[in-house]
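Next comes input-v1.cif, a file with mmCIF, C-alpha atoms and all ligand atoms.
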```
data_work
#
loop_
_atom_site.group_PDB
_atom_site.id
_atom_site.type_symbol
_atom_site.label_atom_id
_atom_site.label_comp_id
_atom_site.auth_asym_id
_atom_site.auth_seq_id
_atom_site.Cartn_x
_atom_site.Cartn_y
_atom_site.Cartn_z
ATOM 1 C CA MET A 1 38.982 62.358 -24.622
ATOM 2 C CA THR A 2 41.545 60.094 -23.030
ATOM 3 C CA VAL A 3 43.668 57.790 -25.107
ATOM 4 C CA THR A 4 43.033 54.196 -24.038
ATOM 5 C CA ILE A 5 44.979 51.224 -25.362
ATOM 6 C CA LYS A 6 44.101 47.615 -24.754
ATOM 7 C CA PRO A 7 45.611 44.438 -26.179
ATOM 8 C CA VAL A 8 43.827 43.313 -29.342
ATOM 9 C CA ASP A 9 43.486 39.807 -27.963
ATOM 10 C CA PRO A 10 44.520 39.579 -24.315
ATOM 11 C CA VAL A 11 44.160 35.811 -24.128
ATOM 12 C CA GLY A 12 45.772 34.997 -27.446
ATOM 13 C CA ARG A 13 49.214 35.603 -28.818
ATOM 14 C CA ALA A 14 48.564 39.087 -30.180
ATOM 15 C CA PHE A 15 49.918 40.784 -27.100
ATOM 16 C CA PHE A 16 52.071 43.102 -29.214
ATOM 17 C CA ALA A 17 49.090 44.697 -30.983
ATOM 18 C CA GLY A 18 47.155 47.346 -29.089
ATOM 19 C CA GLU A 19 43.751 48.761 -29.966
ATOM 20 C CA VAL A 20 43.522 52.496 -29.423
ATOM 21 C CA SER A 21 40.340 54.357 -28.551
ATOM 22 C CA GLY A 22 39.528 57.874 -27.400
ATOM 23 C CA VAL A 23 41.409 59.737 -30.105
ATOM 24 C CA ASP A 24 40.228 61.497 -33.258
ATOM 25 C CA LEU A 25 42.999 61.658 -35.837
ATOM 26 C CA THR A 26 41.232 64.250 -37.981
ATOM 27 C CA ARG A 27 42.084 66.874 -35.334
ATOM 28 C CA PRO A 28 45.445 68.074 -34.025
ATOM 29 C CA LEU A 29 46.675 65.988 -31.086
ATOM 30 C CA SER A 30 47.545 67.390 -27.663
ATOM 31 C CA ALA A 31 51.027 66.822 -26.231
ATOM 32 C CA ALA A 32 49.525 64.295 -23.804
ATOM 33 C CA GLU A 33 47.913 62.350 -26.651
ATOM 34 C CA VAL A 34 51.199 62.299 -28.579
ATOM 35 C CA GLU A 35 53.025 60.973 -25.526
ATOM 36 C CA ALA A 36 50.339 58.332 -24.909
ATOM 37 C CA ILE A 37 50.771 57.096 -28.480
ATOM 38 C CA HIS A 38 54.574 56.923 -28.181
ATOM 39 C CA ALA A 39 54.211 55.067 -24.869
ATOM 40 C CA GLY A 40 51.759 52.672 -26.539
ATOM 41 C CA MET A 41 54.204 52.065 -29.378
ATOM 42 C CA ASP A 42 56.971 51.318 -26.875
ATOM 43 C CA ARG A 43 54.765 48.831 -25.072
ATOM 44 C CA TYR A 44 53.127 47.102 -28.057
ATOM 45 C CA GLY A 45 54.914 47.689 -31.380
ATOM 46 C CA VAL A 46 51.639 47.720 -33.376
ATOM 47 C CA LEU A 47 48.703 50.042 -32.706
ATOM 48 C CA VAL A 48 45.307 49.760 -34.375
ATOM 49 C CA PHE A 49 42.951 52.752 -34.675
ATOM 50 C CA HIS A 50 39.421 52.126 -35.963
ATOM 51 C CA GLY A 51 36.992 54.489 -37.663
ATOM 52 C CA GLN A 52 39.558 57.119 -38.663
ATOM 53 C CA LYS A 53 38.259 58.529 -41.939
ATOM 54 C CA ILE A 54 41.159 60.824 -42.723
ATOM 55 C CA ASP A 55 42.496 62.420 -45.883
ATOM 56 C CA ASP A 56 46.143 62.769 -46.919
ATOM 57 C CA GLU A 57 46.557 66.174 -45.275
ATOM 58 C CA GLN A 58 45.153 64.939 -41.943
ATOM 59 C CA GLN A 59 47.365 61.872 -42.109
ATOM 60 C CA LEU A 60 50.391 64.108 -42.669
ATOM 61 C CA VAL A 61 49.509 66.423 -39.769
ATOM 62 C CA PHE A 62 49.010 63.450 -37.431
ATOM 63 C CA SER A 63 52.226 61.754 -38.594
ATOM 64 C CA ARG A 64 54.355 64.892 -38.296
ATOM 65 C CA ALA A 65 53.122 65.369 -34.730
ATOM 66 C CA LEU A 66 54.939 62.101 -33.911
ATOM 67 C CA GLY A 67 58.255 62.951 -35.575
ATOM 68 C CA PRO A 68 60.048 63.766 -38.838
ATOM 69 C CA LEU A 69 58.941 61.862 -41.936
ATOM 70 C CA GLU A 70 60.865 60.211 -44.738
ATOM 71 C CA THR A 71 59.884 60.644 -48.386
ATOM 72 C CA ALA A 72 58.807 57.890 -50.750
ATOM 73 C CA THR A 73 62.175 57.451 -52.467
ATOM 74 C CA GLY A 74 61.743 53.662 -52.402
ATOM 75 C CA ASP A 75 58.782 53.778 -54.803
ATOM 76 C CA ILE A 76 59.266 52.572 -58.342
ATOM 77 C CA ALA A 77 56.674 54.862 -60.007
ATOM 78 C CA ALA A 78 58.182 57.765 -61.951
ATOM 79 C CA PRO A 79 57.324 61.156 -60.395
ATOM 80 C CA GLU A 80 54.998 62.002 -63.315
ATOM 81 C CA ASP A 81 53.090 58.742 -62.783
ATOM 82 C CA ARG A 82 52.467 59.267 -59.063
ATOM 83 C CA ARG A 83 48.915 59.473 -57.773
ATOM 84 C CA ILE A 84 49.769 61.119 -54.437
ATOM 85 C CA SER A 85 52.462 63.315 -52.882
ATOM 86 C CA MET A 86 56.049 62.088 -52.283
ATOM 87 C CA ASP A 87 55.328 62.509 -48.569
ATOM 88 C CA LEU A 88 53.139 59.403 -48.688
ATOM 89 C CA ASN A 89 53.814 55.921 -50.007
ATOM 90 C CA ASP A 90 51.143 54.763 -52.399
ATOM 91 C CA ILE A 91 50.256 51.262 -51.158
ATOM 92 C CA SER A 92 47.491 50.729 -53.704
ATOM 93 C CA ASN A 93 46.840 49.003 -56.990
ATOM 94 C CA LEU A 94 45.760 52.225 -58.709
ATOM 95 C CA ASP A 95 47.296 54.417 -61.383
ATOM 96 C CA LYS A 96 47.268 58.226 -61.277
ATOM 97 C CA HIS A 97 43.795 58.261 -62.841
ATOM 98 C CA GLY A 98 42.460 56.056 -60.030
ATOM 99 C CA LYS A 99 42.165 52.986 -62.260
ATOM 100 C CA VAL A 100 43.220 49.500 -61.132
ATOM 101 C CA VAL A 101 46.539 48.690 -62.839
ATOM 102 C CA PRO A 102 46.754 45.674 -65.162
ATOM 103 C CA ARG A 103 48.002 42.384 -63.731
ATOM 104 C CA ASP A 104 51.414 42.661 -65.421
ATOM 105 C CA ASP A 105 51.972 46.351 -64.597
ATOM 106 C CA ARG A 106 55.576 46.925 -63.512
ATOM 107 C CA ARG A 107 54.545 48.913 -60.411
ATOM 108 C CA ARG A 108 52.211 46.136 -59.337
ATOM 109 C CA LEU A 109 54.855 43.433 -59.799
ATOM 110 C CA PHE A 110 57.350 45.480 -57.824
ATOM 111 C CA GLY A 111 54.719 46.086 -55.123
ATOM 112 C CA LEU A 112 54.154 42.348 -54.721
ATOM 113 C CA GLY A 113 57.432 42.474 -52.787
ATOM 114 C CA ASN A 114 55.280 43.700 -49.878
ATOM 115 C CA GLN A 115 54.013 40.135 -49.590
ATOM 116 C CA LEU A 116 57.447 39.108 -48.290
ATOM 117 C CA TRP A 117 58.168 39.664 -44.597
ATOM 118 C CA HIS A 118 60.022 42.957 -44.285
ATOM 119 C CA SER A 119 60.768 46.036 -42.259
ATOM 120 C CA ASP A 120 60.068 49.295 -44.106
ATOM 121 C CA SER A 121 62.981 51.117 -45.701
ATOM 122 C CA SER A 122 65.597 48.757 -44.258
ATOM 123 C CA PHE A 123 67.157 49.247 -47.717
ATOM 124 C CA LYS A 124 67.829 52.904 -46.858
ATOM 125 C CA GLU A 125 70.888 53.882 -44.857
ATOM 126 C CA VAL A 126 68.587 55.663 -42.438
ATOM 127 C CA PRO A 127 65.624 53.314 -42.262
ATOM 128 C CA ALA A 128 62.053 53.781 -41.036
ATOM 129 C CA LYS A 129 60.885 54.174 -37.458
ATOM 130 C CA TYR A 130 57.075 54.101 -37.457
ATOM 131 C CA SER A 131 54.905 53.326 -40.465
ATOM 132 C CA ILE A 132 51.345 54.635 -40.471
ATOM 133 C CA LEU A 133 49.015 52.896 -42.919
ATOM 134 C CA SER A 134 45.525 54.232 -43.599
ATOM 135 C CA ALA A 135 42.919 52.066 -45.341
ATOM 136 C CA ARG A 136 40.830 54.227 -47.656
ATOM 137 C CA GLN A 137 39.232 51.471 -49.721
ATOM 138 C CA ILE A 138 39.654 47.732 -49.355
ATOM 139 C CA PRO A 139 38.702 44.634 -51.354
ATOM 140 C CA ASN A 140 35.699 42.710 -50.020
ATOM 141 C CA ALA A 141 37.879 39.816 -48.850
ATOM 142 C CA ASP A 142 41.520 38.944 -48.096
ATOM 143 C CA GLY A 143 44.400 41.432 -48.229
ATOM 144 C CA ASN A 144 45.232 41.178 -44.516
ATOM 145 C CA THR A 145 48.472 42.613 -43.187
ATOM 146 C CA GLU A 146 50.458 40.399 -40.827
ATOM 147 C CA PHE A 147 52.946 41.531 -38.203
ATOM 148 C CA ALA A 148 55.667 39.556 -36.422
ATOM 149 C CA ASP A 149 57.221 40.545 -33.103
ATOM 150 C CA MET A 150 60.987 40.692 -33.510
ATOM 151 C CA ARG A 151 61.610 41.259 -29.769
ATOM 152 C CA ALA A 152 59.854 38.013 -28.873
ATOM 153 C CA ALA A 153 61.674 36.297 -31.747
ATOM 154 C CA TYR A 154 65.025 37.548 -30.461
ATOM 155 C CA ASP A 155 64.249 36.547 -26.872
ATOM 156 C CA ALA A 156 63.334 33.029 -28.011
ATOM 157 C CA LEU A 157 66.705 32.396 -29.719
ATOM 158 C CA ASP A 158 69.122 30.093 -27.936
ATOM 159 C CA ASP A 159 72.135 31.712 -26.297
ATOM 160 C CA ALA A 160 74.631 30.516 -28.904
ATOM 161 C CA THR A 161 72.609 32.050 -31.754
ATOM 162 C CA LYS A 162 72.150 35.289 -29.807
ATOM 163 C CA ALA A 163 75.917 35.529 -29.320
ATOM 164 C CA GLU A 164 76.623 34.720 -32.965
ATOM 165 C CA ALA A 165 74.070 37.210 -34.314
ATOM 166 C CA ARG A 166 74.865 40.032 -31.920
ATOM 167 C CA ASP A 167 77.343 41.978 -34.040
ATOM 168 C CA MET A 168 76.426 40.761 -37.499
ATOM 169 C CA ILE A 169 75.992 43.342 -40.228
ATOM 170 C CA CYS A 170 73.634 42.555 -43.089
ATOM 171 C CA ALA A 171 73.438 44.055 -46.579
ATOM 172 C CA HIS A 172 69.916 45.238 -47.488
ATOM 173 C CA SER A 173 68.613 46.167 -50.931
ATOM 174 C CA GLN A 174 65.302 46.203 -52.774
ATOM 175 C CA ILE A 175 67.177 44.472 -55.591
ATOM 176 C CA PHE A 176 67.590 41.439 -53.274
ATOM 177 C CA SER A 177 63.986 41.329 -52.050
ATOM 178 C CA ARG A 178 62.460 41.694 -55.513
ATOM 179 C CA GLY A 179 64.912 39.116 -56.852
ATOM 180 C CA ILE A 180 63.322 36.541 -54.507
ATOM 181 C CA LEU A 181 60.105 36.875 -56.530
ATOM 182 C CA GLY A 182 61.941 36.875 -59.856
ATOM 183 C CA PHE A 183 61.510 40.614 -60.402
ATOM 184 C CA THR A 184 64.764 41.791 -61.972
ATOM 185 C CA ASP A 185 63.432 44.528 -64.233
ATOM 186 C CA PHE A 186 65.503 47.411 -62.766
ATOM 187 C CA THR A 187 67.025 50.284 -64.699
ATOM 188 C CA ASP A 188 70.697 51.170 -64.212
ATOM 189 C CA ALA A 189 69.643 54.276 -62.292
ATOM 190 C CA GLU A 190 67.504 52.179 -59.908
ATOM 191 C CA ARG A 191 70.375 49.774 -59.332
ATOM 192 C CA VAL A 192 72.566 52.708 -58.328
ATOM 193 C CA LYS A 193 69.857 54.355 -56.187
ATOM 194 C CA TRP A 194 69.095 51.075 -54.364
ATOM 195 C CA ALA A 195 72.640 49.752 -53.934
ATOM 196 C CA PRO A 196 72.962 47.679 -50.714
ATOM 197 C CA VAL A 197 73.196 49.415 -47.349
ATOM 198 C CA ARG A 198 74.515 48.087 -44.035
ATOM 199 C CA GLN A 199 72.255 47.313 -41.061
ATOM 200 C CA ARG A 200 72.821 45.533 -37.752
ATOM 201 C CA LEU A 201 71.071 42.185 -37.321
ATOM 202 C CA VAL A 202 70.482 42.820 -33.617
ATOM 203 C CA ARG A 203 69.447 46.279 -32.528
ATOM 204 C CA LYS A 204 68.455 47.933 -29.303
ATOM 205 C CA HIS A 205 65.361 50.072 -28.891
ATOM 206 C CA PRO A 206 66.524 53.478 -27.594
ATOM 207 C CA ARG A 207 63.582 53.931 -25.208
ATOM 208 C CA THR A 208 62.822 50.452 -23.899
ATOM 209 C CA GLY A 209 66.335 48.975 -24.160
ATOM 210 C CA ARG A 210 64.860 45.786 -25.612
ATOM 211 C CA LEU A 211 66.754 43.889 -28.278
ATOM 212 C CA SER A 212 65.189 42.734 -31.513
ATOM 213 C CA LEU A 213 66.124 40.822 -34.619
ATOM 214 C CA TYR A 214 66.333 43.281 -37.481
ATOM 215 C CA LEU A 215 65.303 41.001 -40.323
ATOM 216 C CA SER A 216 63.778 41.948 -43.658
ATOM 217 C CA SER A 217 63.376 40.372 -47.091
ATOM 218 C CA HIS A 218 65.700 43.151 -48.260
ATOM 219 C CA ALA A 219 68.592 41.491 -46.367
ATOM 220 C CA GLY A 220 70.583 39.504 -48.917
ATOM 221 C CA GLY A 221 73.967 39.083 -47.281
ATOM 222 C CA ILE A 222 75.974 39.091 -44.070
ATOM 223 C CA GLU A 223 79.343 40.827 -43.975
ATOM 224 C CA GLY A 224 82.204 38.328 -44.052
ATOM 225 C CA TRP A 225 79.974 35.394 -45.032
ATOM 226 C CA PRO A 226 79.618 33.584 -48.355
ATOM 227 C CA VAL A 227 76.282 34.603 -49.920
ATOM 228 C CA PRO A 228 74.541 31.175 -49.965
ATOM 229 C CA GLU A 229 75.503 30.540 -46.347
ATOM 230 C CA ALA A 230 74.265 33.990 -45.304
ATOM 231 C CA ARG A 231 70.972 33.545 -47.128
ATOM 232 C CA ALA A 232 70.438 30.077 -45.663
ATOM 233 C CA PHE A 233 71.064 31.463 -42.166
ATOM 234 C CA LEU A 234 68.761 34.460 -42.705
ATOM 235 C CA ARG A 235 66.084 32.096 -44.017
ATOM 236 C CA ASP A 236 66.330 30.026 -40.835
ATOM 237 C CA LEU A 237 66.027 33.161 -38.711
ATOM 238 C CA ASN A 238 63.019 34.336 -40.719
ATOM 239 C CA GLU A 239 61.347 30.974 -40.302
ATOM 240 C CA HIS A 240 61.933 31.134 -36.567
ATOM 241 C CA ALA A 241 60.778 34.756 -36.259
ATOM 242 C CA THR A 242 57.533 34.356 -38.197
ATOM 243 C CA GLN A 243 56.102 31.364 -36.332
ATOM 244 C CA ARG A 244 52.394 31.914 -35.745
ATOM 245 C CA LYS A 245 52.964 32.471 -32.036
ATOM 246 C CA PHE A 246 54.833 35.685 -32.896
ATOM 247 C CA VAL A 247 52.279 36.920 -35.453
ATOM 248 C CA TYR A 248 49.265 39.240 -35.366
ATOM 249 C CA ALA A 249 47.103 39.258 -38.521
ATOM 250 C CA HIS A 250 45.188 42.482 -39.116
ATOM 251 C CA ARG A 251 41.923 42.173 -41.000
ATOM 252 C CA TRP A 252 41.177 45.599 -42.454
ATOM 253 C CA ALA A 253 37.983 47.601 -42.255
ATOM 254 C CA PRO A 254 37.631 50.902 -44.132
ATOM 255 C CA GLY A 255 38.807 53.733 -41.893
ATOM 256 C CA ASP A 256 41.313 51.563 -40.036
ATOM 257 C CA LEU A 257 44.711 53.056 -39.458
ATOM 258 C CA VAL A 258 47.522 50.813 -38.281
ATOM 259 C CA MET A 259 50.850 52.057 -37.004
ATOM 260 C CA TRP A 260 53.877 49.850 -36.415
ATOM 261 C CA ASP A 261 57.415 50.231 -35.182
ATOM 262 C CA ASN A 262 59.772 48.931 -37.876
ATOM 263 C CA ARG A 263 62.564 48.592 -35.311
ATOM 264 C CA VAL A 264 60.745 45.809 -33.484
ATOM 265 C CA THR A 265 58.403 44.218 -36.031
ATOM 266 C CA MET A 266 58.299 42.816 -39.533
ATOM 267 C CA HIS A 267 55.147 42.790 -41.625
ATOM 268 C CA ARG A 268 53.795 41.489 -44.902
ATOM 269 C CA ALA A 269 50.758 42.003 -47.118
ATOM 270 C CA ARG A 270 48.561 39.026 -47.993
ATOM 271 C CA ARG A 271 47.156 38.531 -51.472
ATOM 272 C CA TYR A 272 43.734 39.629 -52.643
ATOM 273 C CA ASP A 273 41.692 39.780 -55.854
ATOM 274 C CA HIS A 274 43.838 42.078 -58.010
ATOM 275 C CA THR A 275 40.813 43.366 -59.970
ATOM 276 C CA GLN A 276 39.347 44.982 -56.838
ATOM 277 C CA VAL A 277 40.454 48.358 -55.515
ATOM 278 C CA ARG A 278 42.782 48.388 -52.528
ATOM 279 C CA ASP A 279 43.684 51.960 -51.666
ATOM 280 C CA MET A 280 46.051 52.294 -48.711
ATOM 281 C CA ARG A 281 48.383 55.192 -48.009
ATOM 282 C CA ARG A 282 51.425 55.130 -45.791
ATOM 283 C CA THR A 283 53.288 57.872 -44.025
ATOM 284 C CA THR A 284 56.617 56.890 -42.542
ATOM 285 C CA LEU A 285 58.632 58.359 -39.710
ATOM 286 C CA THR A 286 62.369 58.299 -40.265
ATOM 287 C CA ASN A 287 64.555 56.561 -37.693
ATOM 288 C CA GLU A 288 66.885 59.595 -38.071
ATOM 289 C CA VAL A 289 69.947 57.378 -37.476
ATOM 290 C CA SER A 290 71.158 54.093 -38.944
ATOM 291 C CA SER A 291 70.588 50.833 -37.047
ATOM 292 C CA LEU A 292 74.404 50.761 -36.859
ATOM 293 C CA GLU A 293 74.017 53.335 -34.090
ATOM 294 C CA GLN A 294 71.612 51.126 -32.132
ATOM 295 C CA ALA A 295 73.967 48.387 -30.989
ATOM 296 C CA PRO A 296 73.034 46.271 -27.938
HETATM 297 C C1 LIG A 301 53.497 48.854 -46.220
HETATM 298 C C2 LIG A 301 53.185 47.425 -46.432
HETATM 299 C C3 LIG A 301 51.358 45.866 -46.356
HETATM 300 C C4 LIG A 301 49.974 45.796 -46.932
HETATM 301 O O1 LIG A 301 52.578 49.678 -46.296
HETATM 302 O O2 LIG A 301 54.656 49.156 -45.918
HETATM 303 O O3 LIG A 301 54.062 46.608 -46.470
HETATM 304 O O4 LIG A 301 49.211 44.918 -46.468
HETATM 305 N N1 LIG A 301 51.878 47.154 -46.513
HETATM 306 O O5 LIG A 301 49.679 46.567 -47.833
HETATM 307 MN MN MN A 302 55.958 47.586 -45.802
#
```
When written as structure tokens, how does the structure in this file appear?
Amino acid sequence: MTVTIKPVDPVGRAFFAGEVSGVDLTRPLSAAEVEAIHAGMDRYGVLVFHGQKIDDEQQLVFSRALGPLETATGDIAAPEDRRISMDLNDISNLDKHGKVVPRDDRRRLFGLGNQLWHSDSSFKEVPAKYSILSARQIPNADGNTEFADMRAAYDALDDATKAEARDMICAHSQIFSRGILGFTDFTDAERVKWAPVRQRLVRKHPRTGRLSLYLSSHAGGIEGWPVPEARAFLRDLNEHATQRKFVYAHRWAPGDLVMWDNRVTMHRARRYDHTQVRDMRRTTLTNEVSSLEQAP
């Protein structure tokens, strides 16, 4: 089989999402297939694979073929309450017995933070590179995932804003992003574990050389700026970067697997009927270095 990638919607604005065919993710990939996928990620930023009915082990084998993974240290569930291995992020509304969690469950309320535009693990010193999300079971409506192209958003800034943003350093923390939704129910240990980390606002992709805006709901400050001024500025940038012309909305089908490059995109979950099962599992490649090492 040959890996083929075509734009999801060549006439529309979804030019940064590619649809991949000719690959079976239940089997080990050849070196050529791995390289084709990396090349596709460089070109698009989001890749969509349909009809991939994989289990956790197959998802891990596929993911590790692309690079080293991070572990789910950003999850709020206690280890004894986890449903799946620490090598995968549990992006579901299920408890360890496979039951839908109640509406006011702490894990669910924390997870609602995924509905804010973000880049995965930007709250870790070494953030995420690719995220790989597999849809195992989905609600019968809603629950899309939206992606925004941060290269296009950067390119569309005026020159003065590009110059101003170029060397800015932001502080990122899950405490900030959850605070936006009024979730403040953190233990002292969580506050220590998720203390703010530093990330560049403008970063350069090591393979393509393209610049992108490294925004995320986790960003709650800019070094050297008063907090309200920083947050107002970041809000403006987020509004600019998530205009519909920069956005691809993915409507899930069971067996879909979507992979995105967190260096060049943001994403967010959309709401759905919380009484229905939504079982998604994410593996995440580590960026291996901080964004601080990816200056323009
Ligand atoms: C994620 C995420 C969005 C969704 O898996 O990192 O933000 O739609 N998911 O579940
Ligand atoms: Mn995410």
Requested in this report: Pick out the residues no farther than 10 Å from ligand MN 302 (chain A), counting all atoms listed in the file, and list them as a ChimeraX atom specification.
Outcome: /A:89,91,111,113-122,128,131-133,145,216,260,262,266-269,282,284
Query - Residues returned when the PyMOL selection byres (((chain A and resi 51) around 12) and not hetatm) runs on this file, as a PyMOL selection string - result: chain A and resi 19-26+48-50+52-54+134-136+252-258
Query - Evaluate the PyMOL selection byres (((chain A and resi 247) around 6) and not hetatm) and report residues as a ChimeraX atom specification - result: /A:147-148,244-246,248
Emit the selected residues as a PDB file, keeping the file's coordinate frame, including C-alpha atoms.
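Listed below is the output, out_5.pdb:
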```
ATOM      1  CA  PHE A 147      52.946  41.531 -38.203  1.00  0.00           C
ATOM      2  CA  ALA A 148      55.667  39.556 -36.422  1.00  0.00           C
ATOM      3  CA  ARG A 244      52.394  31.914 -35.745  1.00  0.00           C
ATOM      4  CA  LYS A 245      52.964  32.471 -32.036  1.00  0.00           C
ATOM      5  CA  PHE A 246      54.833  35.685 -32.896  1.00  0.00           C
ATOM      6  CA  TYR A 248      49.265  39.240 -35.366  1.00  0.00           C
TER       7      TYR A 248
END
```
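Comparing A:Phe16, A:Phe110, A:Trp225, A:Tyr44 by their smallest distance to ligand LIG 301 (chain A), the closest is A:Phe110 (using all atoms listed in the file).
Distances here use only C-alpha atoms; by that measure, the residue among A:Val202, A:Pro226, A:Leu109, A:Glu125 closest to Thr161 in chain A is A:Val202.
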Report task. Considering all atoms listed in the file, state which residue in the set A:Met86, A:Val8, A:Leu181, A:Ala153 is at the smallest distance from Leu237 in chain A. Result -> A:Ala153
Query raised in the report: Between CA of Thr2 in chain A and atom O3 of ligand LIG 301 (chain A), what is the spacing in Å?
Result: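 Distance between the two atoms: 29.8 Å.
Our summary of the geometry notes that CA of Val100 in chain A is positioned 9.8 Å from CA of Asp279 in chain A.
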Requested in this report: I would like the residues chosen by the PyMOL selection byres (((chain A and resi 207) around 10) and not hetatm) on the shown file; could you give them as a list in words?
Outcome: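 Checking the PyMOL selection byres (((chain A and resi 207) around 10) and not hetatm) against this file, the residues are His38, Ala39, Asp42, Lys204, His205, Pro206, Thr208, Gly209 and Arg210 of chain A.
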Query raised in the report: Near Ala152 in chain A, counting only C-alpha atoms, which residues have an atom at most 9 Å away, once you skip same-chain residues fewer than 6 positions from it, shown as a list of chain:residue names?
Result: A:Ser212, A:Leu213, A:Ala241, A:Phe246
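In terms of minimum interatomic distance to Thr275 in chain A, A:Leu94 ranks closest within A:Ala160, A:Ile5, A:Leu88, A:Leu94, counting all atoms listed in the file.
Across the model, the gap from CA of Leu157 in chain A to CA of Leu292 in chain A is 21.2 Å.
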Once 3 Å is added on each side, what centre and edge lengths in Å to one decimal does the axis-aligned box around all listed atoms of ligand LIG 301 (chain A) have, as JSON?
```
{"center_x": 51.9, "center_y": 47.3, "center_z": -46.9, "size_x": 11.4, "size_y": 10.8, "size_z": 7.9}
```
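Minimum atom-to-atom distance to ligand LIG 301 (chain A), evaluated using all atoms listed in the file, belongs to A:Arg108 out of A:Arg166, A:His172, A:Arg235, A:Arg108.
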Query - Using only C-alpha atoms and all ligand atoms: which of A:Asp236, A:Glu223, A:Asp261, A:Asp105 has the shortest distance to ligand LIG 301 (chain A) - result: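 Ranked by minimum distance to ligand LIG 301 (chain A), first place goes to A:Asp261.
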Report task. Might you pull out every residue within 8 Å of Ser291 in chain A, with all atoms listed in the file counted and same-chain residues fewer than 3 positions away left off, and present them as a PyMOL selection string? Result -> chain A and resi 126-127+199-200+203+294-295
